[in-house]
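Participant: Supplied structure: model-v6.txt, compact mmCIF, C-alpha atoms.
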```
# COMPACT_ATOMS: atom_id res chain seq x y z
CA PRO A 1 -3.53 19.93 -14.56
CA ASN A 2 -0.44 21.64 -15.90
CA THR A 3 -1.37 22.27 -19.55
CA SER A 4 -4.44 22.86 -21.71
CA TRP A 5 -4.08 19.28 -22.90
CA ASP A 6 -4.39 18.10 -19.28
CA TRP A 7 -7.53 20.20 -18.84
CA ALA A 8 -9.04 18.69 -22.01
CA ARG A 9 -8.77 15.11 -20.76
CA PHE A 10 -11.99 13.63 -19.43
CA GLU A 11 -10.04 10.87 -17.65
CA VAL A 12 -6.52 9.62 -17.03
CA CYS A 13 -5.10 6.13 -16.77
CA ALA A 14 -4.06 4.80 -13.34
CA HIS A 15 -3.70 1.44 -11.61
CA ARG A 16 -5.17 0.50 -8.24
CA TRP A 17 -6.00 3.95 -6.86
CA ALA A 18 -6.56 7.66 -7.42
CA ASP A 19 -6.27 10.26 -4.68
CA LEU A 20 -7.72 13.68 -3.95
CA SER A 21 -5.73 15.40 -1.19
CA GLU A 22 -4.86 18.65 0.47
CA PRO A 23 -1.72 18.94 2.64
CA ASP A 24 -3.54 17.91 5.84
CA PHE A 25 -6.10 15.33 4.66
CA GLY A 26 -7.43 13.46 1.68
CA ILE A 27 -9.25 10.41 0.38
CA THR A 28 -8.09 7.60 -1.90
CA LEU A 29 -10.45 5.79 -4.27
CA LEU A 30 -9.30 2.16 -4.48
CA ASN A 31 -10.26 -0.46 -7.06
CA ASP A 32 -9.10 -3.89 -8.17
CA CYS A 33 -9.57 -3.92 -11.96
CA LYS A 34 -10.46 -0.52 -13.48
CA TYR A 35 -8.08 2.01 -15.02
CA GLY A 36 -9.96 5.16 -16.04
CA HIS A 37 -10.05 7.92 -13.39
CA ALA A 38 -11.31 11.50 -13.42
CA THR A 39 -11.39 14.24 -10.80
CA HIS A 40 -13.35 17.44 -11.35
CA GLY A 41 -13.50 19.78 -8.39
CA ALA A 42 -14.37 17.69 -5.35
CA THR A 43 -15.81 14.82 -7.41
CA GLN A 44 -13.87 11.67 -8.23
CA ARG A 45 -15.10 9.32 -10.95
CA LEU A 46 -14.11 5.77 -11.88
CA THR A 47 -14.89 4.53 -15.39
CA LEU A 48 -16.42 1.06 -15.10
CA LEU A 49 -16.74 0.13 -18.79
CA LYS A 50 -15.23 1.46 -21.98
CA SER A 51 -17.67 -0.45 -24.26
CA ALA A 52 -15.86 0.26 -27.51
CA LYS A 53 -17.32 -1.38 -30.62
CA CYS A 54 -14.13 -1.44 -32.67
CA PRO A 55 -12.25 -3.64 -33.27
CA ASP A 56 -14.42 -6.01 -31.18
CA ASP A 57 -18.15 -5.33 -31.42
CA LEU A 58 -18.75 -7.63 -28.43
CA ALA A 59 -16.30 -5.85 -26.12
CA ASP A 60 -17.42 -5.55 -22.48
CA MET A 61 -20.61 -7.52 -23.08
CA GLY A 62 -21.85 -9.65 -20.17
CA VAL A 63 -21.68 -9.43 -16.39
CA HIS A 64 -18.71 -7.71 -14.73
CA GLN A 65 -17.58 -7.94 -11.13
CA MET A 66 -15.31 -5.40 -9.46
CA ARG A 67 -14.42 -4.11 -6.03
CA TYR A 68 -13.83 -0.54 -4.94
CA GLY A 69 -13.21 1.15 -1.62
CA LEU A 70 -12.45 4.47 0.05
CA TRP A 71 -9.33 5.17 2.13
CA PRO A 72 -9.59 8.43 4.13
CA HIS A 73 -6.24 9.59 5.47
CA ALA A 74 -4.45 12.42 7.21
CA GLN A 75 -1.78 14.47 5.38
CA GLY A 76 -1.07 14.05 1.66
CA TRP A 77 -1.20 10.86 -0.37
CA GLN A 78 2.45 9.96 0.25
CA ALA A 79 2.29 10.09 4.06
CA GLY A 80 -1.35 8.95 4.02
CA GLY A 81 -0.43 5.51 2.70
CA ALA A 82 -2.24 5.54 -0.64
CA VAL A 83 0.31 3.27 -2.32
CA ALA A 84 0.21 0.66 0.47
CA ALA A 85 -3.60 0.80 0.64
CA GLY A 86 -3.87 0.21 -3.11
CA ALA A 87 -1.46 -2.72 -2.96
CA ALA A 88 -3.25 -4.31 0.00
CA PHE A 89 -6.66 -3.89 -1.65
CA ASN A 90 -5.37 -5.75 -4.73
CA SER A 91 -3.58 -8.50 -2.77
CA PRO A 92 -6.05 -10.09 -0.33
CA PRO A 93 -4.61 -12.79 1.96
CA VAL A 94 -4.29 -16.25 0.41
CA LEU A 95 -4.50 -19.39 2.54
CA VAL A 96 -1.69 -21.82 1.68
CA GLY A 97 -1.60 -25.33 3.08
CA ALA A 98 1.77 -26.26 4.63
CA ALA A 99 3.06 -29.78 4.16
CA ALA A 100 3.80 -31.74 7.33
CA ALA A 101 6.62 -33.65 5.69
CA GLY A 102 8.33 -33.93 2.34
CA GLY A 103 9.24 -31.28 -0.16
CA GLY A 104 7.37 -28.67 -2.14
CA PRO A 105 6.30 -25.08 -1.41
CA GLY A 106 4.33 -26.10 1.68
CA ALA A 107 7.39 -27.61 3.32
CA PHE A 108 9.44 -24.52 2.51
CA LEU A 109 6.80 -22.23 4.06
CA THR A 110 6.65 -24.43 7.15
CA ALA A 111 10.42 -24.35 7.62
CA HIS A 112 10.55 -20.56 7.27
CA ALA A 113 7.24 -19.61 8.93
CA GLY A 114 7.35 -16.08 10.31
CA GLU A 115 10.46 -15.15 8.36
CA PRO A 116 10.07 -12.49 5.65
CA LEU A 117 11.65 -13.78 2.45
CA PHE A 118 12.51 -10.23 1.34
CA GLN A 119 12.63 -6.84 3.05
CA VAL A 120 13.44 -3.32 1.87
CA ILE A 121 14.94 -0.99 4.48
CA PRO A 122 15.96 2.68 3.94
CA THR A 123 19.65 3.23 4.64
CA TYR A 124 19.89 7.01 4.33
CA PRO A 125 19.65 8.90 7.65
CA THR A 126 17.63 12.11 7.69
CA PRO A 127 17.08 14.48 10.62
CA PHE A 128 13.86 15.83 9.12
CA PRO A 129 10.38 14.30 8.82
CA SER A 130 9.74 13.02 5.31
CA PRO A 131 6.53 11.95 3.57
CA CYS A 132 8.52 9.55 1.42
CA GLY A 133 7.82 5.88 1.97
CA PRO A 134 10.22 3.01 1.32
CA LEU A 135 10.81 1.44 -2.05
CA VAL A 136 7.91 -0.81 -3.01
CA LEU A 137 8.81 -4.46 -3.65
CA ASP A 138 6.24 -5.06 -6.38
CA THR A 139 7.22 -8.25 -8.22
CA LEU A 140 9.09 -11.48 -7.51
CA LYS A 141 9.40 -13.76 -10.53
CA LEU A 142 11.56 -16.42 -12.13
CA ALA A 143 14.18 -15.00 -14.49
CA GLU A 144 13.54 -15.34 -18.20
CA PRO A 145 15.79 -17.81 -20.05
CA PRO A 146 18.50 -16.29 -22.27
CA LEU A 147 17.24 -15.68 -25.82
CA THR A 148 20.48 -17.10 -27.21
CA ALA A 149 20.20 -20.37 -25.29
CA LYS A 150 16.53 -21.28 -25.01
CA ASP A 151 17.23 -24.97 -24.64
CA GLU A 152 19.76 -24.56 -21.83
CA ALA A 153 18.38 -24.55 -18.32
CA GLY A 154 21.19 -22.42 -16.86
CA PRO A 155 21.42 -21.50 -13.18
CA ALA A 156 18.24 -20.86 -11.23
CA ALA A 157 17.56 -17.14 -10.83
CA LEU A 158 14.93 -14.80 -9.43
CA VAL A 159 14.11 -11.25 -10.52
CA VAL A 160 13.01 -8.79 -7.83
CA ARG A 161 11.33 -5.65 -9.17
CA LEU A 162 10.97 -2.52 -7.03
CA TYR A 163 9.85 1.03 -7.68
CA GLU A 164 10.00 4.41 -5.96
CA PRO A 165 6.38 5.66 -5.58
CA SER A 166 6.66 9.10 -3.96
CA GLY A 167 9.03 11.19 -6.08
CA CYS A 168 11.99 10.90 -3.71
CA ARG A 169 15.62 9.91 -4.06
CA GLY A 170 17.88 8.05 -1.67
CA SER A 171 19.34 4.65 -0.87
CA ALA A 172 17.94 1.40 0.47
CA ARG A 173 18.95 -2.15 1.21
CA LEU A 174 17.17 -5.19 -0.22
CA LEU A 175 17.43 -8.09 2.24
CA TRP A 176 16.57 -11.77 1.92
CA GLY A 177 16.18 -14.35 4.64
CA GLY A 178 18.17 -17.48 5.30
CA GLY A 179 15.95 -19.57 3.04
CA ILE A 180 17.27 -17.74 -0.03
CA LYS A 181 20.82 -18.76 -1.06
CA VAL A 182 22.15 -16.10 -3.44
CA ALA A 183 25.38 -16.62 -5.35
CA ARG A 184 25.39 -13.38 -7.36
CA ALA A 185 23.27 -10.24 -7.81
CA ALA A 186 23.04 -7.84 -10.75
CA LEU A 187 21.04 -4.80 -11.79
CA VAL A 188 19.09 -5.55 -14.98
CA ASN A 189 16.72 -3.69 -17.28
CA LEU A 190 13.10 -4.64 -17.98
CA LEU A 191 14.28 -7.15 -20.61
CA GLU A 192 16.52 -8.64 -17.89
CA ASP A 193 19.71 -7.70 -19.72
CA GLU A 194 22.44 -7.21 -17.14
CA LEU A 195 23.59 -3.64 -16.55
CA HIS A 196 26.17 -4.22 -13.83
CA ALA A 197 26.87 -6.52 -10.89
CA LEU A 198 25.82 -5.56 -7.35
CA PRO A 199 28.07 -6.44 -4.38
CA LEU A 200 26.46 -8.81 -1.90
CA VAL A 201 26.13 -7.45 1.63
CA SER A 202 26.56 -9.66 4.67
CA VAL A 203 23.99 -9.13 7.43
CA SER A 204 25.46 -11.63 9.89
CA ASN A 205 26.66 -8.97 12.35
CA ARG A 206 24.11 -9.02 15.18
CA SER A 207 26.35 -7.51 17.82
CA GLY A 208 26.30 -3.92 16.67
CA GLY A 209 26.61 -1.47 13.78
CA SER A 210 24.51 -1.45 10.68
CA GLY A 211 24.50 -5.25 10.48
CA SER A 212 22.51 -5.62 13.68
CA ARG A 213 19.99 -3.01 12.54
CA VAL A 214 19.26 -4.53 9.15
CA THR A 215 18.86 -8.09 10.46
CA GLU A 216 15.92 -7.05 12.63
CA GLY A 217 12.95 -9.18 11.60
CA LEU A 218 14.99 -11.94 9.94
CA GLN A 219 14.26 -14.81 12.28
CA ASN A 220 16.25 -17.67 10.80
CA ASP A 221 19.61 -18.65 12.32
CA ASP A 222 21.13 -17.95 8.91
CA PRO A 223 20.19 -14.28 8.35
CA GLY A 224 20.69 -14.37 4.59
CA GLY A 225 22.14 -11.37 2.76
CA GLY A 226 21.34 -8.25 0.80
CA VAL A 227 22.33 -5.62 -1.74
CA ASP A 228 22.46 -1.83 -1.49
CA ILE A 229 20.45 0.25 -3.96
CA GLN A 230 20.63 3.90 -5.02
CA PHE A 231 17.36 5.22 -6.47
CA THR A 232 15.91 8.34 -8.08
CA PRO A 233 12.30 9.65 -8.14
CA PHE A 234 9.78 7.18 -9.61
CA GLN A 235 12.55 4.83 -10.73
CA VAL A 236 11.77 1.19 -11.56
CA ILE A 237 14.55 -1.13 -10.37
CA SER A 238 15.02 -4.77 -11.40
CA ILE A 239 17.55 -6.98 -9.62
CA LYS A 240 18.48 -10.49 -10.78
CA LEU A 241 19.55 -12.97 -8.11
CA GLN A 242 21.45 -16.08 -9.18
CA LEU A 243 20.72 -18.85 -6.69
CA HIS A 244 22.86 -21.64 -5.29
CA LEU A 245 21.36 -24.97 -6.37
```
Write out the structure in this file as structure tokens.

Facilitator:
Amino acid sequence: PNTSWDWARFEVCAHRWADLSEPDFGITLLNDCKYGHATHGATQRLTLLKSAKCPDDLADMGVHQMRYGLWPHAQGWQAGGAVAAGAAFNSPPVLVGAAAAGGGPGAFLTAHAGEPLFQVIPTYPTPFPSPCGPLVLDTLKLAEPPLTAKDEAGPAALVVRLYEPSGCRGSARLLWGGGIKVARAALVNLLEDELHALPLVSVSNRSGGSGSRVTEGLQNDDPGGGVDIQFTPFQVISIKLQLHL
């Protein structure tokens, strides 16, 4: 706590996890649906129900199901993997049936099995050990239609949302595999209004230089492409990708 107001709080709001760490070790309390956390001394608490009676006098009535877990780790929460542990705990594996023939999502997954659709790779060299992890690719969604042309389909587009979780600054490269055909990329705000265009980066150079390094892991004959990103501590970044139809 930094102020008397912080000391007066009986809990704080957080998603997915809360961590209690010293520089050389710590423990992360994970959960999949609760948001009230409190730490007093060496005790961590997770609020299970709020049970307010106003404006809904039936709020929180009934049976609730939730999951929680503990993630012990070495070093602090950044190097200890608290962010990744919280994301994994909230995203259990999902079995998807792949189509043997024809179209649809199953056929697409079959054609690109083993190929990551998107990757985020740091591009800033540092000679010193750093607790900072990579940018987190948190959301992949269809772009919202323009408010001025709701009845027009427009070009197909995806929005990729990333954030910096550790309080670091630097640069990174967002890559997509050969199954994603991108015509144009732009940085947008949370309302998906365009801020400025982003140059597309070719990753076809496998013989040497930075191209060969960033294509590692992209297994399709067509390695796809990417964009370079500059980020600041705790920044949320949204990138709109216009697709070739």

Participant: Quick one: residues within 8 Å of Asp228 of chain A, only C-alpha atoms counted, chain neighbours fewer than 2 positions away excluded, as a list in words?

Facilitator: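 Surrounding residues, per the criterion: Ser171, Ala172, Arg173, Leu174, Leu198, Pro199, Val201, Gly226 and Gln230 of chain A.
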
Participant: Suppose we keep C-alpha atoms; can you now write the selection as an mmCIF file, in the frame of the given file?

Facilitator:
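selection.cif written:
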```
data_model
loop_
_atom_site.group_PDB
_atom_site.id
_atom_site.type_symbol
_atom_site.label_atom_id
_atom_site.label_comp_id
_atom_site.auth_asym_id
_atom_site.auth_seq_id
_atom_site.Cartn_x
_atom_site.Cartn_y
_atom_site.Cartn_z
ATOM 1 C CA SER A 171 19.340 4.650 -0.870
ATOM 2 C CA ALA A 172 17.940 1.400 0.470
ATOM 3 C CA ARG A 173 18.950 -2.150 1.210
ATOM 4 C CA LEU A 174 17.170 -5.190 -0.220
ATOM 5 C CA LEU A 198 25.820 -5.560 -7.350
ATOM 6 C CA PRO A 199 28.070 -6.440 -4.380
ATOM 7 C CA VAL A 201 26.130 -7.450 1.630
ATOM 8 C CA GLY A 226 21.340 -8.250 0.800
ATOM 9 C CA GLN A 230 20.630 3.900 -5.020
#
```

Participant: To one decimal in Å, tell me the separation between atom CA of Arg169 of chain A and atom CA of Asn189 of chain A.

Facilitator: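 Rounded to one decimal, the two atoms are 19.0 Å apart.
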
Participant: What's the separation between atom CA of Trp17 of chain A and atom CA of Leu29 of chain A, in Å to one decimal place?

Facilitator: 5.5 Å

Participant: For a test of reading the model, state the distance in Å between atom CA of Ala74 of chain A and atom CA of Gly41 of chain A, rounded to one decimal.

Facilitator: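 Atom-to-atom, atom CA of Ala74 of chain A to atom CA of Gly41 of chain A, that is 19.5 Å.
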
Participant: Which residues, written as a PyMOL selection string, have at least one atom at most 8 Å from Ser166 of chain A, with all atoms listed in the file counted and residues fewer than 2 positions away on the same chain left out?

Facilitator: chain A and resi 78+132-133+164+168+233-234

Participant: Nearest to Gly81 of chain A among A:Leu137, A:Ile237, A:Val12, A:Phe25, with distances taken over all atoms listed in the file: which residue is it?

Facilitator: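 Result for the nearest residue to Gly81 of chain A: A:Phe25.
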
Participant: Which one is closest to Pro165 of chain A: A:Leu135, A:Val227, A:Leu49, A:Ala42? Count all atoms listed in the file.

Facilitator: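 Among the listed residues, the smallest separation from Pro165 of chain A belongs to A:Leu135.
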
Participant: Using only C-alpha atoms, which of A:Leu243, A:Ala197, A:Gln235, A:Val83 sits nearest Leu158 of chain A?

Facilitator: A:Leu243

Participant: For Val120 of chain A, which residue out of A:Ala14, A:Ile180, A:Leu200, A:Arg161 is the nearest one, using only C-alpha atoms?

Facilitator: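 Of A:Ala14, A:Ile180, A:Leu200, A:Arg161, the one nearest Val120 of chain A, counting only C-alpha atoms, is A:Arg161.
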